[in-house]
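K.L.:
For reference, the file data_20.cif (mmCIF, C-alpha atoms and all ligand atoms) is included below:
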data_query
#
loop_
_atom_site.label_atom_id
_atom_site.label_comp_id
_atom_site.auth_asym_id
_atom_site.auth_seq_id
_atom_site.Cartn_x
_atom_site.Cartn_y
_atom_site.Cartn_z
CA MET A 1 -32.75 -18.78 -5.56
CA ASP A 2 -33.45 -16.10 -2.94
CA VAL A 3 -30.78 -13.42 -2.63
CA THR A 4 -30.69 -11.25 0.49
CA LYS A 5 -26.98 -10.78 1.21
CA ILE A 6 -24.68 -9.27 -1.40
CA GLY A 7 -20.91 -9.06 -1.10
CA VAL A 8 -19.13 -6.36 -3.10
CA ILE A 9 -15.36 -6.61 -3.48
CA GLY A 10 -13.66 -3.31 -4.30
CA ALA A 11 -15.01 -0.01 -3.00
CA GLY A 12 -13.80 2.21 -5.84
CA GLN A 13 -15.85 4.03 -8.45
CA MET A 14 -17.86 0.95 -9.53
CA GLY A 15 -17.94 -0.90 -6.19
CA ASN A 16 -19.42 2.02 -4.25
CA GLY A 17 -22.04 2.55 -6.94
CA ILE A 18 -22.98 -1.14 -6.85
CA ALA A 19 -23.25 -1.09 -3.03
CA HIS A 20 -25.39 2.07 -3.35
CA VAL A 21 -28.00 0.59 -5.72
CA MET A 22 -28.09 -2.80 -4.01
CA ALA A 23 -28.69 -1.26 -0.57
CA LEU A 24 -31.42 1.02 -1.95
CA ALA A 25 -33.13 -2.02 -3.47
CA GLY A 26 -33.28 -3.64 0.00
CA TYR A 27 -30.29 -6.00 -0.11
CA HIS A 28 -27.87 -6.31 2.81
CA VAL A 29 -24.49 -5.33 1.43
CA CYS A 30 -21.05 -6.20 2.76
CA LEU A 31 -18.43 -4.00 1.07
CA ASN A 32 -14.83 -5.16 1.08
CA ASP A 33 -11.55 -3.45 0.21
CA ILE A 34 -7.94 -3.61 1.33
CA SER A 35 -7.81 -0.22 3.03
CA GLU A 36 -9.93 1.37 5.75
CA ASP A 37 -9.44 4.73 4.01
CA VAL A 38 -10.94 3.50 0.73
CA LEU A 39 -13.90 2.01 2.61
CA SER A 40 -14.63 5.20 4.51
CA GLN A 41 -14.28 7.30 1.32
CA ALA A 42 -16.74 4.91 -0.37
CA LEU A 43 -19.31 5.41 2.40
CA THR A 44 -18.91 9.17 2.13
CA ARG A 45 -19.37 8.97 -1.65
CA ILE A 46 -22.49 6.79 -1.29
CA ASP A 47 -23.94 9.21 1.26
CA LYS A 48 -23.27 12.16 -1.11
CA ASN A 49 -24.72 10.42 -4.17
CA MET A 50 -27.84 9.33 -2.26
CA MET A 51 -28.23 12.93 -1.10
CA ARG A 52 -28.36 14.00 -4.79
CA GLN A 53 -31.23 11.55 -5.23
CA VAL A 54 -33.00 12.88 -2.12
CA LYS A 55 -32.62 16.48 -3.36
CA SER A 56 -34.07 15.63 -6.77
CA GLY A 57 -36.98 13.76 -5.14
CA LYS A 58 -35.96 10.35 -6.52
CA ILE A 59 -35.77 8.82 -3.01
CA ALA A 60 -36.95 9.88 0.45
CA GLN A 61 -34.58 10.78 3.28
CA ALA A 62 -35.88 7.69 5.14
CA ASP A 63 -34.96 5.43 2.16
CA LYS A 64 -31.45 6.85 2.26
CA ALA A 65 -31.08 6.21 6.00
CA ALA A 66 -32.44 2.67 5.69
CA ALA A 67 -30.17 1.90 2.73
CA LEU A 68 -27.06 3.21 4.49
CA ALA A 69 -27.93 1.06 7.51
CA ARG A 70 -27.92 -2.01 5.25
CA ILE A 71 -24.26 -1.48 4.26
CA THR A 72 -21.45 -2.93 6.36
CA THR A 73 -17.76 -2.76 5.47
CA THR A 74 -14.94 -5.23 6.03
CA LEU A 75 -11.24 -5.61 5.35
CA SER A 76 -11.59 -9.40 5.54
CA ILE A 77 -12.44 -11.28 2.35
CA ALA A 78 -13.63 -14.20 4.54
CA ASP A 79 -16.63 -12.08 5.63
CA ILE A 80 -17.73 -11.87 1.99
CA GLY A 81 -18.11 -15.66 1.98
CA GLN A 82 -21.41 -15.28 3.89
CA SER A 83 -23.06 -13.66 0.85
CA ASP A 84 -25.65 -15.24 -1.46
CA LEU A 85 -24.24 -13.27 -4.38
CA VAL A 86 -20.75 -11.79 -4.69
CA ILE A 87 -19.88 -9.04 -7.17
CA GLU A 88 -16.17 -8.50 -7.65
CA ALA A 89 -15.46 -4.91 -8.74
CA ALA A 90 -11.71 -4.60 -8.28
CA THR A 91 -9.23 -3.10 -10.77
CA GLU A 92 -9.56 -4.22 -14.40
CA ASP A 93 -6.55 -6.52 -14.15
CA GLU A 94 -6.86 -10.29 -14.54
CA PRO A 95 -4.12 -11.38 -12.08
CA THR A 96 -5.65 -9.10 -9.39
CA LYS A 97 -9.07 -10.64 -9.95
CA GLN A 98 -7.61 -14.16 -9.85
CA VAL A 99 -5.89 -13.49 -6.51
CA ILE A 100 -9.20 -12.21 -5.11
CA PHE A 101 -11.22 -15.25 -6.24
CA ASP A 102 -8.49 -17.63 -5.03
CA ALA A 103 -8.70 -16.01 -1.57
CA LEU A 104 -12.51 -15.92 -1.54
CA VAL A 105 -13.46 -19.41 -2.74
CA PRO A 106 -12.47 -21.31 0.45
CA HIS A 107 -14.92 -19.11 2.45
CA ILE A 108 -18.06 -19.26 0.31
CA GLN A 109 -21.18 -21.33 0.87
CA ASP A 110 -22.45 -24.04 -1.48
CA HIS A 111 -25.16 -21.82 -2.91
CA THR A 112 -23.06 -18.62 -3.28
CA ILE A 113 -23.05 -17.17 -6.79
CA LEU A 114 -19.78 -15.50 -7.82
CA THR A 115 -19.78 -12.71 -10.38
CA SER A 116 -17.35 -10.18 -11.76
CA ASN A 117 -18.10 -6.62 -12.83
CA THR A 118 -15.25 -6.93 -15.35
CA SER A 119 -15.75 -4.75 -18.40
CA SER A 120 -13.79 -6.99 -20.76
CA ILE A 121 -12.02 -10.02 -19.25
CA SER A 122 -13.08 -13.58 -20.15
CA ILE A 123 -15.73 -14.84 -17.74
CA THR A 124 -15.00 -18.44 -18.74
CA ARG A 125 -11.32 -18.02 -17.81
CA LEU A 126 -12.06 -16.31 -14.47
CA ALA A 127 -14.67 -19.01 -13.70
CA SER A 128 -12.36 -21.89 -14.53
CA ARG A 129 -10.15 -21.23 -11.51
CA THR A 130 -12.97 -21.20 -8.97
CA GLY A 131 -13.84 -24.91 -9.15
CA ARG A 132 -17.52 -23.98 -9.61
CA PRO A 133 -17.80 -22.39 -13.04
CA GLU A 134 -21.53 -23.21 -13.23
CA LYS A 135 -22.14 -20.69 -10.42
CA PHE A 136 -20.04 -17.92 -11.96
CA MET A 137 -20.95 -15.16 -14.44
CA GLY A 138 -20.34 -11.56 -15.52
CA PHE A 139 -22.46 -8.82 -13.89
CA HIS A 140 -21.40 -5.61 -15.60
CA PHE A 141 -22.71 -2.22 -14.44
CA MET A 142 -22.16 1.09 -16.23
CA ASN A 143 -20.76 4.23 -14.62
CA PRO A 144 -22.34 6.15 -12.84
CA VAL A 145 -24.09 3.08 -11.48
CA PRO A 146 -27.00 4.91 -9.75
CA VAL A 147 -27.89 6.66 -13.02
CA MET A 148 -27.21 4.19 -15.83
CA GLN A 149 -30.06 1.88 -16.74
CA LEU A 150 -28.18 -1.06 -18.27
CA VAL A 151 -26.53 -4.10 -16.69
CA GLU A 152 -24.78 -6.56 -19.02
CA LEU A 153 -25.13 -10.20 -17.97
CA ILE A 154 -22.49 -12.49 -19.40
CA ARG A 155 -22.63 -16.27 -19.16
CA GLY A 156 -19.37 -18.21 -19.24
CA ILE A 157 -19.37 -21.46 -21.15
CA ALA A 158 -20.39 -23.41 -18.02
CA THR A 159 -22.76 -20.94 -16.30
CA ASP A 160 -25.99 -22.75 -15.36
CA LYS A 161 -29.54 -21.52 -15.86
CA GLU A 162 -30.29 -21.00 -12.15
CA THR A 163 -27.28 -18.70 -11.80
CA TYR A 164 -28.31 -16.66 -14.83
CA ASP A 165 -31.99 -16.47 -13.79
CA THR A 166 -31.01 -15.42 -10.25
CA CYS A 167 -28.76 -12.60 -11.50
CA ARG A 168 -31.37 -11.46 -13.99
CA ALA A 169 -33.98 -11.28 -11.21
CA VAL A 170 -31.59 -9.16 -9.11
CA VAL A 171 -31.09 -6.72 -12.02
CA GLU A 172 -34.87 -6.44 -12.49
CA ASN A 173 -35.30 -5.90 -8.76
CA LEU A 174 -32.92 -2.93 -9.02
CA GLY A 175 -35.27 -1.42 -11.61
CA LYS A 176 -32.49 -1.74 -14.21
CA THR A 177 -32.54 -3.43 -17.62
CA PRO A 178 -30.46 -6.55 -18.27
CA ALA A 179 -28.75 -7.18 -21.61
CA SER A 180 -27.36 -10.65 -22.31
CA ALA A 181 -23.96 -10.71 -23.94
CA GLU A 182 -21.85 -13.64 -25.06
CA ASP A 183 -18.46 -14.13 -23.44
CA PHE A 184 -16.17 -12.54 -26.04
CA PRO A 185 -13.66 -9.74 -25.34
CA ALA A 186 -15.33 -6.59 -23.93
CA PHE A 187 -18.85 -8.03 -24.45
CA ILE A 188 -21.27 -5.53 -26.13
CA VAL A 189 -20.98 -2.03 -24.66
CA ASN A 190 -17.21 -1.82 -24.47
CA ARG A 191 -16.68 -3.68 -27.76
CA ILE A 192 -18.38 -0.71 -29.40
CA LEU A 193 -17.62 2.16 -27.01
CA MET A 194 -13.87 1.65 -26.47
CA PRO A 195 -12.84 1.62 -30.15
CA MET A 196 -14.76 4.91 -30.46
CA ILE A 197 -12.86 6.41 -27.51
CA ASN A 198 -9.58 5.03 -28.88
CA GLU A 199 -10.35 6.58 -32.28
CA ALA A 200 -11.03 9.92 -30.56
CA VAL A 201 -7.55 9.69 -28.99
CA TYR A 202 -6.05 8.93 -32.44
CA THR A 203 -7.93 11.96 -33.78
CA LEU A 204 -6.19 14.07 -31.12
CA TYR A 205 -2.82 12.30 -31.63
CA GLU A 206 -2.89 12.98 -35.37
CA GLY A 207 -3.86 16.62 -34.85
CA VAL A 208 -7.20 16.33 -36.63
CA GLY A 209 -8.88 18.15 -33.75
CA SER A 210 -8.16 19.60 -30.31
CA VAL A 211 -9.50 18.08 -27.07
CA GLU A 212 -12.28 20.67 -27.02
CA SER A 213 -13.22 20.38 -30.70
CA ILE A 214 -13.32 16.56 -30.58
CA ASP A 215 -15.58 16.55 -27.52
CA GLN A 216 -17.78 19.34 -28.79
CA SER A 217 -18.16 17.64 -32.18
CA MET A 218 -19.43 14.42 -30.66
CA LYS A 219 -21.70 16.21 -28.16
CA LEU A 220 -23.31 18.52 -30.69
CA GLY A 221 -22.85 16.41 -33.81
CA ALA A 222 -23.85 13.02 -32.47
CA ASN A 223 -25.87 14.01 -29.39
CA HIS A 224 -23.61 12.17 -26.95
CA PRO A 225 -24.07 13.38 -23.35
CA MET A 226 -20.27 13.59 -22.92
CA GLY A 227 -17.51 13.95 -25.51
CA PRO A 228 -15.34 10.82 -25.95
CA LEU A 229 -12.26 12.34 -24.24
CA GLU A 230 -14.34 13.65 -21.33
CA LEU A 231 -15.90 10.19 -21.09
CA ALA A 232 -12.47 8.51 -21.16
CA ASP A 233 -11.41 10.70 -18.21
CA PHE A 234 -14.66 9.76 -16.44
CA ILE A 235 -14.15 6.01 -16.95
CA GLY A 236 -10.39 6.17 -16.21
CA LEU A 237 -7.68 6.03 -18.87
CA ASP A 238 -6.11 2.96 -17.22
CA THR A 239 -9.41 1.11 -17.57
CA CYS A 240 -9.81 2.27 -21.20
CA LEU A 241 -6.28 1.08 -22.00
CA ALA A 242 -6.81 -2.25 -20.23
CA ILE A 243 -9.99 -2.85 -22.25
CA MET A 244 -8.28 -1.94 -25.55
CA ASN A 245 -5.49 -4.40 -24.70
CA VAL A 246 -8.06 -7.15 -24.01
CA LEU A 247 -9.69 -6.43 -27.40
CA HIS A 248 -6.32 -6.31 -29.18
CA ASP A 249 -4.98 -9.50 -27.58
CA GLY A 250 -8.28 -11.39 -27.61
CA LEU A 251 -9.36 -10.62 -31.17
CA ALA A 252 -5.87 -10.29 -32.69
CA ASP A 253 -6.98 -7.53 -35.03
CA THR A 254 -4.86 -4.38 -35.54
CA LYS A 255 -8.02 -2.25 -35.62
CA TYR A 256 -7.99 -2.53 -31.80
CA ARG A 257 -4.39 -1.18 -31.43
CA PRO A 258 -4.42 1.16 -28.41
CA CYS A 259 -3.42 4.69 -29.37
CA PRO A 260 0.17 5.43 -28.19
CA LEU A 261 -1.09 8.72 -26.76
CA MET A 262 -3.48 6.87 -24.46
CA THR A 263 -0.57 4.71 -23.27
CA LYS A 264 1.51 7.85 -22.65
CA TYR A 265 -1.18 9.43 -20.45
CA VAL A 266 -1.45 6.21 -18.42
CA GLU A 267 2.35 6.02 -18.06
CA ALA A 268 2.29 9.61 -16.78
CA GLY A 269 -0.26 8.63 -14.14
CA TRP A 270 -2.77 10.97 -15.80
CA LEU A 271 -5.69 8.60 -15.47
CA GLY A 272 -8.53 11.13 -15.71
CA ARG A 273 -10.83 12.49 -13.05
CA LYS A 274 -9.67 10.13 -10.34
CA THR A 275 -6.09 11.51 -10.47
CA LYS A 276 -7.30 15.04 -11.32
CA ARG A 277 -5.53 14.98 -14.71
CA GLY A 278 -6.18 13.23 -17.99
CA PHE A 279 -7.31 14.83 -21.24
CA TYR A 280 -8.51 17.60 -18.93
CA ASP A 281 -6.98 19.10 -15.78
CA TYR A 282 -9.53 18.99 -12.95
CA ARG A 283 -7.50 20.81 -10.31
CA GLY A 284 -9.19 24.16 -10.83
CA ASP A 285 -12.85 25.18 -10.71
CA VAL A 286 -13.45 24.30 -14.36
CA PRO A 287 -11.79 21.42 -16.29
CA VAL A 288 -9.27 22.70 -18.87
CA PRO A 289 -7.65 20.62 -21.65
CA THR A 290 -4.13 19.43 -20.79
CA ARG A 291 -2.95 19.81 -24.42
N1 LIG B 301 -25.12 9.11 -8.16
C1 LIG B 301 -26.39 9.53 -8.12
N2 LIG B 301 -26.89 10.42 -9.01
C2 LIG B 301 -26.06 10.91 -9.94
C3 LIG B 301 -24.71 10.52 -10.03
C4 LIG B 301 -24.25 9.57 -9.09
N3 LIG B 301 -22.99 9.11 -9.11
N4 LIG B 301 -24.13 11.15 -11.08
C5 LIG B 301 -25.09 11.94 -11.63
N5 LIG B 301 -26.25 11.79 -10.93
C6 LIG B 301 -27.54 12.39 -11.23
C7 LIG B 301 -27.58 13.87 -10.94
O1 LIG B 301 -27.89 14.14 -9.60
C8 LIG B 301 -28.68 14.35 -11.88
O2 LIG B 301 -29.94 14.01 -11.30
P1 LIG B 301 -31.27 14.86 -11.62
O3 LIG B 301 -31.45 14.79 -13.11
O4 LIG B 301 -32.33 14.11 -10.89
O5 LIG B 301 -31.00 16.22 -11.09
C9 LIG B 301 -28.49 13.45 -13.11
O6 LIG B 301 -27.77 12.30 -12.65
C10 LIG B 301 -27.69 14.14 -14.19
O7 LIG B 301 -26.45 14.57 -13.65
P2 LIG B 301 -25.86 16.04 -13.78
O8 LIG B 301 -26.97 17.03 -13.91
O9 LIG B 301 -24.83 16.22 -12.73
O10 LIG B 301 -25.00 16.03 -15.12
P3 LIG B 301 -25.35 15.59 -16.56
O11 LIG B 301 -26.73 15.91 -16.96
O12 LIG B 301 -24.21 16.11 -17.33
O13 LIG B 301 -25.25 13.97 -16.52
C11 LIG B 301 -24.11 11.94 -16.64
C12 LIG B 301 -24.14 13.31 -15.99
C13 LIG B 301 -25.32 11.13 -16.22
C14 LIG B 301 -22.84 11.26 -16.13
C15 LIG B 301 -24.11 12.14 -18.20
O14 LIG B 301 -23.09 13.03 -18.59
C16 LIG B 301 -23.88 10.83 -18.96
O15 LIG B 301 -24.80 10.04 -19.14
N6 LIG B 301 -22.62 10.60 -19.42
C17 LIG B 301 -22.26 9.39 -20.13
C18 LIG B 301 -22.03 8.28 -19.15
C19 LIG B 301 -21.67 7.01 -19.82
O16 LIG B 301 -21.56 6.89 -21.04
N7 LIG B 301 -21.45 5.99 -19.01
C20 LIG B 301 -21.04 4.69 -19.48
C21 LIG B 301 -19.58 4.62 -19.41
S1 LIG B 301 -19.01 3.09 -20.02
C22 LIG B 301 -19.06 2.09 -18.71
O17 LIG B 301 -19.34 2.43 -17.60
C23 LIG B 301 -18.68 0.71 -19.02
C24 LIG B 301 -17.30 0.36 -18.69
O18 LIG B 301 -17.08 -0.78 -18.36
C25 LIG B 301 -16.18 1.28 -18.88
#
Please rewrite the model in this file as structure tokens.
P.N.:
Amino acid sequence: MDVTKIGVIGAGQMGNGIAHVMALAGYHVCLNDISEDVLSQALTRIDKNMMRQVKSGKIAQADKAAALARITTTLSIADIGQSDLVIEAATEDEPTKQVIFDALVPHIQDHTILTSNTSSISITRLASRTGRPEKFMGFHFMNPVPVMQLVELIRGIATDKETYDTCRAVVENLGKTPASAEDFPAFIVNRILMPMINEAVYTLYEGVGSVESIDQSMKLGANHPMGPLELADFIGLDTCLAIMNVLHDGLADTKYRPCPLMTKYVEAGWLGRKTKRGFYDYRGDVPVPTR
């Protein structure tokens, strides 16, 4: 199936990155959110991130201008119905995603493929409410989307071959690498990554190491580009906690118990970089540990 128009729902951290890479690859993107402010911040962020790519010679100024011209924004979910492929990238919360798909489905065309950028939630369950589970699948980008090479593709139990092949072709067209994952809680990347982050939080909680020593150990001792606590702040502690809860509930194994300290940070509204405080405080020039 030919894809030219892509609808992206949610203009936050992941949604703006997805719009960015899709527009650069030549797709017409319609970006939807519930607030004009969020949409205009997303366009500013895309402009800034494309400028980084211009400065480092990865794209030309003309590519940037052409890509930005391919992005439109809308507050109306009905406008997203015109897309060939929809990628939902709203908050990692199942009821929120269900409300979005319930509102969207009456507006889509027969051929429209629906996908979710969920990092952990059951694709089969999200698909089952749309009345067209064969044209539904998981399309999971990594953060920061313009930089990270992998996209996980997750088939629900009913996803048909044409839907999968179409999404795979889109990933290849972006110059990214697809990885197929089965539809089990948190798929591949987060099934492995989140327990590591959660364990890092336990390591802090139990006083085995400080924020700095934990991050430094994993950067220098395991060659990770970011320490696990720095990475948790980057992803968002609310997202990390939501994924741990999906693993804990979905696999019913105590090894996935979210660390109480992670819950406490989320309850405090210290969600990481996006709220300027998490395991680090980002309000000054240089991030400093908050404990
Ligand atoms: N848009 C465009 N370019 C960007 C960018 C963005 N948002 N963020 C970084 N870049 C570019 C920079 O411009 C720079 O480009 P050049 O090399 O061409 O100059 C390059 O990426 C490296 O960036 P920096 O020099 O600023 O910093 P860095 O070397 O420390 O790298 C990083 C930053 C790429 C984020 C690196 O620290 C990293 O890879 N961290 C780990 C990220 C990770 O693990 N992501 C997965 C999270 S899990 C997930 O996303 C799944 C989920 O569902 C939760």
K.L.:
List every residue of chain A that has an atom at most 9 Å from any atom of ligand LIG 301 (chain B), giving for each one its closest atom pair and the distance in Å to one decimal, counting only C-alpha atoms and all ligand atoms, sorted by chain and then by ascending residue number, as a Markdown table.
P.N.:
| residue | atom | partner | partner_atom | distance |
| --- | --- | --- | --- | --- |
| A:Gln13 | CA | B:LIG301 | N3 | 8.8 |
| A:Met14 | CA | B:LIG301 | O17 | 8.3 |
| A:Gly17 | CA | B:LIG301 | N3 | 7.0 |
| A:His20 | CA | B:LIG301 | N1 | 8.5 |
| A:Arg45 | CA | B:LIG301 | N3 | 8.3 |
| A:Ile46 | CA | B:LIG301 | N1 | 7.7 |
| A:Lys48 | CA | B:LIG301 | N1 | 7.9 |
| A:Asn49 | CA | B:LIG301 | N1 | 4.2 |
| A:Met50 | CA | B:LIG301 | C1 | 6.0 |
| A:Met51 | CA | B:LIG301 | C1 | 8.0 |
| A:Arg52 | CA | B:LIG301 | O1 | 4.8 |
| A:Gln53 | CA | B:LIG301 | N2 | 5.9 |
| A:Val54 | CA | B:LIG301 | O4 | 8.9 |
| A:Lys55 | CA | B:LIG301 | O4 | 7.9 |
| A:Ser56 | CA | B:LIG301 | O4 | 4.7 |
| A:Gly57 | CA | B:LIG301 | O4 | 7.4 |
| A:Lys58 | CA | B:LIG301 | O4 | 6.8 |
| A:Asn117 | CA | B:LIG301 | O18 | 8.1 |
| A:Thr118 | CA | B:LIG301 | O18 | 7.1 |
| A:Ser119 | CA | B:LIG301 | O18 | 4.2 |
| A:Ser120 | CA | B:LIG301 | O18 | 7.4 |
| A:His140 | CA | B:LIG301 | O18 | 7.0 |
| A:Phe141 | CA | B:LIG301 | O17 | 6.6 |
| A:Met142 | CA | B:LIG301 | O17 | 3.4 |
| A:Asn143 | CA | B:LIG301 | O17 | 3.8 |
| A:Pro144 | CA | B:LIG301 | N3 | 4.8 |
| A:Val145 | CA | B:LIG301 | N3 | 6.6 |
| A:Pro146 | CA | B:LIG301 | N1 | 4.9 |
| A:Val147 | CA | B:LIG301 | C2 | 5.6 |
| A:Met148 | CA | B:LIG301 | N7 | 6.8 |
| A:Ala186 | CA | B:LIG301 | O18 | 8.2 |
| A:Val189 | CA | B:LIG301 | C23 | 6.7 |
| A:Asn190 | CA | B:LIG301 | C24 | 6.2 |
| A:Leu193 | CA | B:LIG301 | S1 | 7.2 |
| A:Met194 | CA | B:LIG301 | C25 | 7.9 |
| A:His224 | CA | B:LIG301 | C17 | 7.5 |
| A:Pro225 | CA | B:LIG301 | O14 | 4.9 |
| A:Met226 | CA | B:LIG301 | N6 | 5.2 |
| A:Gly227 | CA | B:LIG301 | C17 | 8.5 |
| A:Pro228 | CA | B:LIG301 | O16 | 8.8 |
| A:Leu231 | CA | B:LIG301 | C17 | 6.5 |
| A:Ala232 | CA | B:LIG301 | C21 | 8.3 |
| A:Phe234 | CA | B:LIG301 | C21 | 7.7 |
| A:Ile235 | CA | B:LIG301 | C25 | 5.5 |
| A:Gly236 | CA | B:LIG301 | C25 | 8.0 |
| A:Thr239 | CA | B:LIG301 | C25 | 6.9 |
| A:Cys240 | CA | B:LIG301 | C25 | 6.9 |
| A:Ile243 | CA | B:LIG301 | C25 | 8.2 |
K.L.:
Selected residues, C-alpha atoms, written as a PDB file, in the coordinates of the input, please.
P.N.:
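Generated output (out.pdb):
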ATOM      1  CA  GLN A  13     -15.850   4.030  -8.450  1.00  0.00           C
ATOM      2  CA  MET A  14     -17.860   0.950  -9.530  1.00  0.00           C
ATOM      3  CA  GLY A  17     -22.040   2.550  -6.940  1.00  0.00           C
ATOM      4  CA  HIS A  20     -25.390   2.070  -3.350  1.00  0.00           C
ATOM      5  CA  ARG A  45     -19.370   8.970  -1.650  1.00  0.00           C
ATOM      6  CA  ILE A  46     -22.490   6.790  -1.290  1.00  0.00           C
ATOM      7  CA  LYS A  48     -23.270  12.160  -1.110  1.00  0.00           C
ATOM      8  CA  ASN A  49     -24.720  10.420  -4.170  1.00  0.00           C
ATOM      9  CA  MET A  50     -27.840   9.330  -2.260  1.00  0.00           C
ATOM     10  CA  MET A  51     -28.230  12.930  -1.100  1.00  0.00           C
ATOM     11  CA  ARG A  52     -28.360  14.000  -4.790  1.00  0.00           C
ATOM     12  CA  GLN A  53     -31.230  11.550  -5.230  1.00  0.00           C
ATOM     13  CA  VAL A  54     -33.000  12.880  -2.120  1.00  0.00           C
ATOM     14  CA  LYS A  55     -32.620  16.480  -3.360  1.00  0.00           C
ATOM     15  CA  SER A  56     -34.070  15.630  -6.770  1.00  0.00           C
ATOM     16  CA  GLY A  57     -36.980  13.760  -5.140  1.00  0.00           C
ATOM     17  CA  LYS A  58     -35.960  10.350  -6.520  1.00  0.00           C
ATOM     18  CA  ASN A 117     -18.100  -6.620 -12.830  1.00  0.00           C
ATOM     19  CA  THR A 118     -15.250  -6.930 -15.350  1.00  0.00           C
ATOM     20  CA  SER A 119     -15.750  -4.750 -18.400  1.00  0.00           C
ATOM     21  CA  SER A 120     -13.790  -6.990 -20.760  1.00  0.00           C
ATOM     22  CA  HIS A 140     -21.400  -5.610 -15.600  1.00  0.00           C
ATOM     23  CA  PHE A 141     -22.710  -2.220 -14.440  1.00  0.00           C
ATOM     24  CA  MET A 142     -22.160   1.090 -16.230  1.00  0.00           C
ATOM     25  CA  ASN A 143     -20.760   4.230 -14.620  1.00  0.00           C
ATOM     26  CA  PRO A 144     -22.340   6.150 -12.840  1.00  0.00           C
ATOM     27  CA  VAL A 145     -24.090   3.080 -11.480  1.00  0.00           C
ATOM     28  CA  PRO A 146     -27.000   4.910  -9.750  1.00  0.00           C
ATOM     29  CA  VAL A 147     -27.890   6.660 -13.020  1.00  0.00           C
ATOM     30  CA  MET A 148     -27.210   4.190 -15.830  1.00  0.00           C
ATOM     31  CA  ALA A 186     -15.330  -6.590 -23.930  1.00  0.00           C
ATOM     32  CA  VAL A 189     -20.980  -2.030 -24.660  1.00  0.00           C
ATOM     33  CA  ASN A 190     -17.210  -1.820 -24.470  1.00  0.00           C
ATOM     34  CA  LEU A 193     -17.620   2.160 -27.010  1.00  0.00           C
ATOM     35  CA  MET A 194     -13.870   1.650 -26.470  1.00  0.00           C
ATOM     36  CA  HIS A 224     -23.610  12.170 -26.950  1.00  0.00           C
ATOM     37  CA  PRO A 225     -24.070  13.380 -23.350  1.00  0.00           C
ATOM     38  CA  MET A 226     -20.270  13.590 -22.920  1.00  0.00           C
ATOM     39  CA  GLY A 227     -17.510  13.950 -25.510  1.00  0.00           C
ATOM     40  CA  PRO A 228     -15.340  10.820 -25.950  1.00  0.00           C
ATOM     41  CA  LEU A 231     -15.900  10.190 -21.090  1.00  0.00           C
ATOM     42  CA  ALA A 232     -12.470   8.510 -21.160  1.00  0.00           C
ATOM     43  CA  PHE A 234     -14.660   9.760 -16.440  1.00  0.00           C
ATOM     44  CA  ILE A 235     -14.150   6.010 -16.950  1.00  0.00           C
ATOM     45  CA  GLY A 236     -10.390   6.170 -16.210  1.00  0.00           C
ATOM     46  CA  THR A 239      -9.410   1.110 -17.570  1.00  0.00           C
ATOM     47  CA  CYS A 240      -9.810   2.270 -21.200  1.00  0.00           C
ATOM     48  CA  ILE A 243      -9.990  -2.850 -22.250  1.00  0.00           C
TER      49      ILE A 243
END
K.L.:
For the point (-23.2, -7.7, -6.2) in the file's frame, write as a list of chain:residue names all residues with an atom no more than 8 Å away, counting only C-alpha atoms.
P.N.:
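Residues close enough to count: A:Ile6, A:Gly7, A:Val8, A:Ile18, A:Ala19, A:Met22, A:Leu85, A:Val86, A:Ile87, A:Glu88, A:Thr115, A:Phe139.
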K.L.:
At a cut-off of 9 Å, using all atoms listed in the file, what residues contact Tyr202 (chain A)? Leave out same-chain residues fewer than 5 positions from it and give the result as a PyMOL selection string.
P.N.:
chain A and resi 197+207-208+258-262
K.L.:
If we draw a sphere of 12 Å around (-10.4, -5.3, -6.8), which residues have at least one atom in it when counting only C-alpha atoms? Please report them as number ranges by chain.
P.N.:
A: 8-16, 31-35, 38, 77, 87-101, 116-118
K.L.:
Let me make sure I understand: among A:Val266, A:Thr166, A:Lys64, A:Thr73, which one has the smallest atom-to-atom distance to Leu114 (chain A) if we use only C-alpha atoms?
P.N.:
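Ranked by minimum distance to Leu114 (chain A), first place goes to A:Thr166.
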K.L.:
Looking at A:Gly269, A:Gly26, A:Pro287, A:Gly138, which one is nearest to Tyr164 (chain A), with distances taken over all atoms listed in the file?
P.N.:
A:Gly138
K.L.:
Calculate how many Å separate CA of Leu251 (chain A) from CA of Gly209 (chain A), rounding to one decimal.
P.N.:
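According to the coordinates, CA of Leu251 (chain A) and CA of Gly209 (chain A) are separated by 28.9 Å.
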K.L.:
Let me make sure I understand: among A:Ile123, A:Ala23, A:Val3, A:Ala42, which one has the smallest atom-to-atom distance to Ile157 (chain A) if we use only C-alpha atoms?
P.N.:
A:Ile123
K.L.:
Would you mind putting N, CA and C atoms back on region 141-145 of chain A and writing the result as a CSV table (one decimal), in the frame of the given file?
P.N.:
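Once written, selection.csv looks like this:
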chain,number,residue,atom,x,y,z
A,141,PHE,N,-22.0,-3.5,-14.6
A,141,PHE,CA,-22.7,-2.2,-14.4
A,141,PHE,C,-22.0,-1.1,-15.3
A,142,MET,N,-22.7,-0.1,-15.5
A,142,MET,CA,-22.2,1.1,-16.2
A,142,MET,C,-22.0,2.2,-15.2
A,143,ASN,N,-21.1,3.1,-15.5
A,143,ASN,CA,-20.8,4.2,-14.6
A,143,ASN,C,-21.4,5.5,-15.1
A,144,PRO,N,-22.1,6.3,-14.3
A,144,PRO,CA,-22.3,6.2,-12.8
A,144,PRO,C,-23.5,5.2,-12.6
A,145,VAL,N,-23.2,4.2,-11.7
A,145,VAL,CA,-24.1,3.1,-11.5
A,145,VAL,C,-25.5,3.5,-11.1
